[in-house]
file entry.tsv (TSV, C-alpha atoms)
chain	number	residue	atom	x	y	z
A	101	MET	CA	18.88	-95.13	-73.67
A	102	ALA	CA	18.21	-91.45	-72.93
A	103	MET	CA	21.95	-90.79	-72.98
A	104	LEU	CA	22.31	-92.50	-76.37
A	105	ILE	CA	19.48	-90.44	-77.84
A	106	CYS	CA	20.97	-87.25	-76.40
A	107	ASN	CA	24.39	-88.04	-77.85
A	108	ALA	CA	22.84	-88.90	-81.21
A	109	LEU	CA	20.99	-85.58	-81.30
A	110	LYS	CA	24.16	-83.69	-80.40
A	111	GLU	CA	26.07	-85.47	-83.16
A	112	GLU	CA	23.31	-84.73	-85.67
A	113	LYS	CA	23.32	-81.06	-84.68
A	114	LYS	CA	27.09	-80.96	-85.00
A	115	ILE	CA	26.93	-82.45	-88.50
A	116	LEU	CA	24.18	-80.00	-89.46
A	117	ASN	CA	26.21	-77.03	-88.20
A	118	MET	CA	29.25	-78.22	-90.12
A	119	ALA	CA	27.17	-78.60	-93.27
A	120	ILE	CA	25.73	-75.12	-92.88
A	121	LYS	CA	29.17	-73.63	-92.25
A	122	THR	CA	30.55	-75.38	-95.32
A	123	GLU	CA	27.61	-74.11	-97.33
A	124	GLU	CA	28.15	-70.57	-96.07
A	125	ASN	CA	31.85	-70.65	-96.98
A	126	ALA	CA	31.09	-72.01	-100.41
A	127	GLY	CA	28.23	-69.56	-100.75
A	128	SER	CA	30.49	-66.61	-99.94
A	129	ALA	CA	32.80	-67.44	-102.83
A	130	GLN	CA	29.85	-68.24	-105.05
A	131	ASN	CA	28.11	-64.97	-104.20
A	132	ASN	CA	30.98	-63.01	-105.74
A	133	SER	CA	30.60	-65.00	-108.94
A	134	MET	CA	26.81	-64.75	-108.86
A	135	GLY	CA	27.02	-61.00	-108.30
A	136	GLY	CA	28.81	-60.61	-111.62
A	137	LYS	CA	26.25	-62.83	-113.35
A	138	HIS	CA	23.39	-60.86	-111.84
A	139	ARG	CA	24.83	-57.56	-113.04
A	140	GLU	CA	25.20	-59.03	-116.51
A	141	LEU	CA	21.63	-60.29	-116.41
A	142	ASP	CA	20.41	-56.85	-115.28
A	143	LYS	CA	22.17	-55.33	-118.30
A	144	LYS	CA	20.52	-57.82	-120.65
A	145	VAL	CA	17.07	-57.12	-119.22
A	146	SER	CA	17.63	-53.36	-119.56
A	147	LYS	CA	18.85	-53.86	-123.12
A	148	LEU	CA	15.75	-55.92	-123.91
A	149	ARG	CA	13.47	-53.14	-122.67
A	150	LYS	CA	15.33	-50.61	-124.82
A	151	MET	CA	15.15	-52.87	-127.88
A	152	VAL	CA	11.39	-53.23	-127.48
A	153	GLN	CA	10.99	-49.48	-126.97
A	154	ASP	CA	13.08	-48.71	-130.06
A	155	ALA	CA	10.90	-51.08	-132.08
A	156	GLU	CA	7.83	-49.26	-130.77
A	157	ILE	CA	9.18	-45.94	-132.03
A	158	ASN	CA	10.04	-47.37	-135.44
A	159	ILE	CA	6.63	-48.99	-135.83
A	160	LYS	CA	5.00	-45.60	-135.24
A	161	SER	CA	7.35	-44.08	-137.82
A	162	LEU	CA	6.48	-46.90	-140.23
A	163	GLU	CA	2.77	-46.28	-139.74
A	164	ASP	CA	3.18	-42.58	-140.51
A	165	LEU	CA	5.27	-43.33	-143.60
A	166	GLN	CA	2.73	-45.86	-144.87
A	167	ASP	CA	-0.13	-43.40	-144.39
A	168	GLU	CA	1.77	-40.77	-146.34
A	169	HIS	CA	2.61	-43.24	-149.11
A	170	ASP	CA	-1.01	-44.40	-149.39
A	171	PHE	CA	-2.27	-40.84	-149.46
A	172	LYS	CA	0.06	-39.77	-152.27
A	173	LYS	CA	-0.61	-42.93	-154.26
A	174	ASN	CA	-4.39	-42.58	-153.97
A	175	THR	CA	-4.20	-38.87	-154.75
A	176	LEU	CA	-2.23	-39.52	-157.92
A	177	GLN	CA	-4.70	-42.18	-159.04
A	178	SER	CA	-7.69	-39.91	-158.45
A	179	ARG	CA	-6.08	-36.98	-160.28
A	180	ASP	CA	-5.30	-39.22	-163.26
A	181	GLN	CA	-9.02	-39.89	-163.60
A	182	GLU	CA	-9.90	-36.19	-163.75
A	183	PRO	CA	-10.64	-34.66	-167.18
A	184	ASN	CA	-7.73	-32.27	-166.83
A	185	GLY	CA	-5.30	-34.66	-165.21
A	186	LEU	CA	-1.63	-34.18	-164.55
A	187	LYS	CA	0.71	-33.46	-167.39
A	188	ASP	CA	3.10	-36.25	-168.34
A	189	GLN	CA	6.11	-34.58	-166.79
A	190	GLU	CA	4.31	-33.80	-163.56
A	191	HIS	CA	2.84	-37.30	-163.47
A	192	LYS	CA	6.29	-38.87	-163.84
A	193	ARG	CA	7.63	-36.67	-161.08
A	194	GLU	CA	4.86	-37.79	-158.72
A	195	GLU	CA	5.37	-41.42	-159.68
A	196	LEU	CA	9.08	-41.15	-158.97
A	197	LEU	CA	8.35	-39.61	-155.58
A	198	ILE	CA	5.96	-42.44	-154.71
A	199	LYS	CA	8.50	-45.06	-155.80
A	200	GLU	CA	11.13	-43.46	-153.59
A	201	MET	CA	8.69	-43.51	-150.69
A	202	PHE	CA	7.95	-47.18	-151.37
A	203	ILE	CA	11.66	-48.00	-151.17
A	204	ARG	CA	11.87	-46.25	-147.79
A	205	LEU	CA	8.68	-47.99	-146.70
A	206	ASN	CA	10.07	-51.42	-147.59
A	207	MET	CA	13.37	-50.69	-145.82
A	208	LYS	CA	11.50	-49.52	-142.73
A	209	ARG	CA	9.44	-52.72	-142.73
A	210	GLU	CA	12.59	-54.81	-142.96
A	211	GLN	CA	14.11	-52.84	-140.10
A	212	VAL	CA	11.10	-53.28	-137.83
A	213	VAL	CA	10.83	-57.03	-138.48
A	214	HIS	CA	14.55	-57.38	-137.76
A	215	GLN	CA	14.22	-55.38	-134.52
A	216	VAL	CA	11.40	-57.56	-133.24
A	217	ALA	CA	13.31	-60.72	-134.18
A	218	GLU	CA	16.39	-59.47	-132.31
A	219	ALA	CA	14.28	-58.65	-129.25
A	220	LEU	CA	12.92	-62.20	-129.24
A	221	LYS	CA	16.45	-63.55	-129.61
A	222	MET	CA	17.52	-61.54	-126.57
A	223	THR	CA	14.50	-62.88	-124.69
A	224	ASP	CA	15.65	-66.41	-125.53
A	225	HIS	CA	19.08	-65.73	-124.03
A	226	ILE	CA	17.61	-64.24	-120.86
A	227	GLN	CA	15.13	-67.06	-120.42
A	228	PHE	CA	17.90	-69.62	-120.82
A	229	SER	CA	19.92	-67.95	-118.05
A	230	LEU	CA	16.89	-67.72	-115.78
A	231	THR	CA	15.72	-71.30	-116.22
A	232	THR	CA	19.09	-73.08	-116.30
A	233	GLU	CA	21.03	-71.01	-113.75
A	234	GLU	CA	19.01	-68.60	-111.64
A	235	LEU	CA	15.93	-70.71	-110.94
A	236	PRO	CA	17.88	-73.88	-109.98
A	237	GLU	CA	20.18	-71.75	-107.80
A	238	TRP	CA	17.19	-70.21	-106.03
A	239	LYS	CA	15.73	-73.69	-105.40
A	240	ARG	CA	19.06	-74.87	-103.99
A	241	ARG	CA	19.27	-71.92	-101.62
A	242	GLN	CA	15.68	-72.49	-100.59
A	243	GLN	CA	16.51	-76.07	-99.63
A	244	VAL	CA	19.50	-74.91	-97.60
A	245	ALA	CA	17.37	-72.29	-95.84
A	246	CYS	CA	14.83	-74.99	-94.92
A	247	ILE	CA	17.46	-76.94	-92.96
A	248	GLY	CA	18.67	-73.94	-91.01
A	249	GLY	CA	20.95	-72.24	-93.50
A	250	PRO	CA	20.99	-68.51	-94.29
A	251	PRO	CA	17.66	-67.11	-95.52
A	252	ASN	CA	17.08	-67.09	-99.27
A	253	THR	CA	16.74	-63.47	-100.39
A	254	CYS	CA	16.87	-64.04	-104.15
A	255	LEU	CA	13.14	-64.40	-104.82
A	256	ASP	CA	12.39	-60.70	-105.36
A	257	GLN	CA	15.18	-60.33	-107.89
A	258	LEU	CA	14.14	-63.51	-109.68
A	259	GLN	CA	10.53	-62.38	-109.87
A	260	SER	CA	11.65	-58.98	-111.16
A	261	TRP	CA	13.55	-60.56	-114.05
A	262	PHE	CA	10.70	-62.86	-115.02
A	263	THR	CA	8.22	-59.97	-114.80
A	264	SER	CA	10.37	-57.73	-117.01
A	265	VAL	CA	10.67	-60.44	-119.64
A	266	ALA	CA	6.92	-61.13	-119.56
A	267	GLU	CA	6.09	-57.42	-119.92
A	268	SER	CA	8.48	-57.07	-122.85
A	269	LEU	CA	6.94	-60.09	-124.57
A	270	LYS	CA	3.43	-58.71	-124.11
A	271	GLN	CA	4.56	-55.44	-125.67
A	272	VAL	CA	6.10	-57.36	-128.57
A	273	GLN	CA	2.79	-59.16	-129.11
A	274	LEU	CA	1.00	-55.80	-129.34
A	275	GLN	CA	3.60	-54.59	-131.81
A	276	LEU	CA	3.09	-57.66	-133.98
A	277	ARG	CA	-0.66	-57.05	-133.99
A	278	LYS	CA	-0.02	-53.50	-135.17
A	279	LEU	CA	2.17	-54.86	-137.98
A	280	GLN	CA	-0.66	-57.20	-138.97
A	281	GLU	CA	-2.97	-54.19	-139.16
A	282	LEU	CA	-0.51	-52.38	-141.42
A	283	VAL	CA	-0.35	-55.42	-143.72
A	284	GLN	CA	-4.14	-55.53	-143.94
A	285	LYS	CA	-4.12	-51.92	-145.11
A	286	TYR	CA	-1.30	-52.33	-147.61
A	287	THR	CA	0.88	-55.21	-148.74
A	288	TYR	CA	2.83	-56.27	-151.81
A	289	GLU	CA	4.97	-59.07	-153.18
A	290	ASN	CA	7.86	-60.03	-150.87
A	291	ASP	CA	6.46	-57.85	-148.10
A	292	PRO	CA	8.90	-58.31	-145.15
A	293	ILE	CA	6.10	-58.11	-142.61
A	294	ASN	CA	3.90	-60.58	-144.44
A	295	GLN	CA	6.80	-63.01	-144.72
A	296	GLY	CA	7.94	-62.85	-141.11
A	297	VAL	CA	5.16	-61.78	-138.78
A	298	ASN	CA	3.48	-65.18	-138.33
A	299	SER	CA	6.64	-66.94	-137.19
A	300	LEU	CA	7.45	-64.02	-134.87
A	301	GLU	CA	3.98	-64.21	-133.32
A	302	GLU	CA	4.44	-67.92	-132.70
A	303	ARG	CA	7.84	-67.38	-131.09
A	304	ALA	CA	6.51	-64.62	-128.85
A	305	MET	CA	3.57	-66.78	-127.75
A	306	VAL	CA	5.78	-69.77	-126.91
A	307	GLN	CA	8.24	-67.62	-124.99
A	308	LEU	CA	5.49	-65.92	-123.00
A	309	LYS	CA	4.01	-69.30	-122.06
A	310	ASN	CA	7.44	-70.47	-120.91
A	311	VAL	CA	7.80	-67.41	-118.68
A	312	ILE	CA	4.33	-67.75	-117.18
A	313	VAL	CA	4.56	-71.47	-116.36
A	314	ARG	CA	7.77	-70.90	-114.42
call {"tool": "encode", "arguments": {"input": "entry.tsv", "output": "structure tokens"}}
result
Amino acid sequence: MAMLICNALKEEKKILNMAIKTEENAGSAQNNSMGGKHRELDKKVSKLRKMVQDAEINIKSLEDLQDEHDFKKNTLQSRDQEPNGLKDQEHKREELLIKEMFIRLNMKREQVVHQVAEALKMTDHIQFSLTTEELPEWKRRQQVACIGGPPNTCLDQLQSWFTSVAESLKQVQLQLRKLQELVQKYTYENDPINQGVNSLEERAMVQLKNVIVR
């Protein structure tokens, strides 16, 4: 009986070693492929951070432009109420200047909303890669490591990607709050921010929840 048990254990160990060796050989070929995917994912995460940062800069520019527009508009209105107000020609010149500023203001709002939407689209792509490829692959390697295979060293990289996405989404949420503040100060018919900010806030919230629960 002892001999049978000993032989059975030897056979089991032999099968396990063969399985691990097969896994290592397959893993070696797969690592080359995964290395390319990881570099591509790194590029996407870096691009996402830059997109969010560019949006941050443009939102600050938008805020400055809106303040200038509001100041000139309010100044013109107050001067019109003075006894010796602006002459017609001067008034028309100021009105034209304010209209030109409004056009730039509207274009800047459209640009910012588009930038935030594109950042969220990029986040969608990254999350899809993480949840359908990287996370299952990490779990598979973890299972192999538990039965004596090579140690799983992918966790730090995986956490880094998820953390970067979460940080970008939190920054996007702050940007959307700032846009809401700008709308409260000044809005108009067909305001790009007013039309798009609510759906963007909902998308950002859902995406952040998806990142956190992983």
call {"tool": "residues_around", "arguments": {"input": "entry.tsv", "residues": "stretch 164-175 of chain A", "least_positions_apart": "4", "cutoff": "12 Å", "atoms": "only C-alpha atoms", "output": "MDAnalysis selection string"}}
result
chainID A and resid 157:160 179:182 185:186 191 194:209 279 281:287
call {"tool": "write_last_selection", "arguments": {"input": "entry.tsv", "atoms": "C-alpha atoms", "output": "CSV table (one decimal), in the coordinates of the input"}}
result
chain,number,residue,atom,x,y,z
A,157,ILE,CA,9.2,-45.9,-132.0
A,158,ASN,CA,10.0,-47.4,-135.4
A,159,ILE,CA,6.6,-49.0,-135.8
A,160,LYS,CA,5.0,-45.6,-135.2
A,179,ARG,CA,-6.1,-37.0,-160.3
A,180,ASP,CA,-5.3,-39.2,-163.3
A,181,GLN,CA,-9.0,-39.9,-163.6
A,182,GLU,CA,-9.9,-36.2,-163.8
A,185,GLY,CA,-5.3,-34.7,-165.2
A,186,LEU,CA,-1.6,-34.2,-164.6
A,191,HIS,CA,2.8,-37.3,-163.5
A,194,GLU,CA,4.9,-37.8,-158.7
A,195,GLU,CA,5.4,-41.4,-159.7
A,196,LEU,CA,9.1,-41.2,-159.0
A,197,LEU,CA,8.4,-39.6,-155.6
A,198,ILE,CA,6.0,-42.4,-154.7
A,199,LYS,CA,8.5,-45.1,-155.8
A,200,GLU,CA,11.1,-43.5,-153.6
A,201,MET,CA,8.7,-43.5,-150.7
A,202,PHE,CA,8.0,-47.2,-151.4
A,203,ILE,CA,11.7,-48.0,-151.2
A,204,ARG,CA,11.9,-46.2,-147.8
A,205,LEU,CA,8.7,-48.0,-146.7
A,206,ASN,CA,10.1,-51.4,-147.6
A,207,MET,CA,13.4,-50.7,-145.8
A,208,LYS,CA,11.5,-49.5,-142.7
A,209,ARG,CA,9.4,-52.7,-142.7
A,279,LEU,CA,2.2,-54.9,-138.0
A,281,GLU,CA,-3.0,-54.2,-139.2
A,282,LEU,CA,-0.5,-52.4,-141.4
A,283,VAL,CA,-0.4,-55.4,-143.7
A,284,GLN,CA,-4.1,-55.5,-143.9
A,285,LYS,CA,-4.1,-51.9,-145.1
A,286,TYR,CA,-1.3,-52.3,-147.6
A,287,THR,CA,0.9,-55.2,-148.7
call {"tool": "closest_residue", "arguments": {"input": "entry.tsv", "among": "A:Asn294, A:Ser264, A:Gln211, A:Gln280", "to": "A:Thr223", "atoms": "only C-alpha atoms"}}
result
A:Ser264
call {"tool": "atom_distance", "arguments": {"input": "entry.tsv", "atom1": "atom CA of A:Glu302", "atom2": "atom CA of A:Gln257"}}
result
28.1 Å
call {"tool": "atom_distance", "arguments": {"input": "entry.tsv", "atom1": "atom CA of A:Tyr288", "atom2": "atom CA of A:Ala304"}}
result
24.7 Å
call {"tool": "closest_residue", "arguments": {"input": "entry.tsv", "among": "A:Val216, A:Asp142, A:Leu176, A:Leu308", "to": "A:Glu267", "atoms": "only C-alpha atoms"}}
result
A:Leu308
call {"tool": "atom_distance", "arguments": {"input": "entry.tsv", "atom1": "atom CA of A:Trp261", "atom2": "atom CA of A:His225"}}
result
12.5 Å
call {"tool": "build_atoms", "arguments": {"input": "entry.tsv", "residues": "stretch 297-310 of chain A", "atoms": "N, CA and C atoms", "output": "mmCIF file, in the frame of the given file"}}
result
data_model
loop_
_atom_site.group_PDB
_atom_site.id
_atom_site.type_symbol
_atom_site.label_atom_id
_atom_site.label_comp_id
_atom_site.auth_asym_id
_atom_site.auth_seq_id
_atom_site.Cartn_x
_atom_site.Cartn_y
_atom_site.Cartn_z
ATOM 1 N N VAL A 297 5.920 -62.086 -139.992
ATOM 2 C CA VAL A 297 5.160 -61.780 -138.780
ATOM 3 C C VAL A 297 4.553 -63.023 -138.128
ATOM 4 N N ASN A 298 4.119 -63.994 -138.913
ATOM 5 C CA ASN A 298 3.480 -65.180 -138.330
ATOM 6 C C ASN A 298 4.448 -65.984 -137.466
ATOM 7 N N SER A 299 5.653 -66.184 -137.965
ATOM 8 C CA SER A 299 6.640 -66.940 -137.190
ATOM 9 C C SER A 299 7.053 -66.166 -135.936
ATOM 10 N N LEU A 300 7.112 -64.838 -136.040
ATOM 11 C CA LEU A 300 7.450 -64.020 -134.870
ATOM 12 C C LEU A 300 6.347 -64.097 -133.817
ATOM 13 N N GLU A 301 5.103 -64.090 -134.263
ATOM 14 C CA GLU A 301 3.980 -64.210 -133.320
ATOM 15 C C GLU A 301 4.035 -65.550 -132.591
ATOM 16 N N GLU A 302 4.356 -66.595 -133.313
ATOM 17 C CA GLU A 302 4.440 -67.920 -132.700
ATOM 18 C C GLU A 302 5.566 -67.977 -131.671
ATOM 19 N N ARG A 303 6.709 -67.407 -132.022
ATOM 20 C CA ARG A 303 7.840 -67.380 -131.090
ATOM 21 C C ARG A 303 7.503 -66.604 -129.829
ATOM 22 N N ALA A 304 6.865 -65.452 -130.005
ATOM 23 C CA ALA A 304 6.510 -64.620 -128.850
ATOM 24 C C ALA A 304 5.522 -65.348 -127.941
ATOM 25 N N MET A 305 4.569 -66.056 -128.533
ATOM 26 C CA MET A 305 3.570 -66.780 -127.750
ATOM 27 C C MET A 305 4.214 -67.908 -126.944
ATOM 28 N N VAL A 306 5.098 -68.663 -127.589
ATOM 29 C CA VAL A 306 5.780 -69.770 -126.910
ATOM 30 C C VAL A 306 6.642 -69.249 -125.769
ATOM 31 N N GLN A 307 7.366 -68.171 -126.026
ATOM 32 C CA GLN A 307 8.240 -67.620 -124.990
ATOM 33 C C GLN A 307 7.443 -67.094 -123.806
ATOM 34 N N LEU A 308 6.315 -66.450 -124.088
ATOM 35 C CA LEU A 308 5.490 -65.920 -123.000
ATOM 36 C C LEU A 308 4.924 -67.061 -122.156
ATOM 37 N N LYS A 309 4.508 -68.141 -122.799
ATOM 38 C CA LYS A 309 4.010 -69.300 -122.060
ATOM 39 C C LYS A 309 5.106 -69.878 -121.164
ATOM 40 N N ASN A 310 6.323 -69.933 -121.696
ATOM 41 C CA ASN A 310 7.440 -70.470 -120.910
ATOM 42 C C ASN A 310 7.716 -69.614 -119.676
#
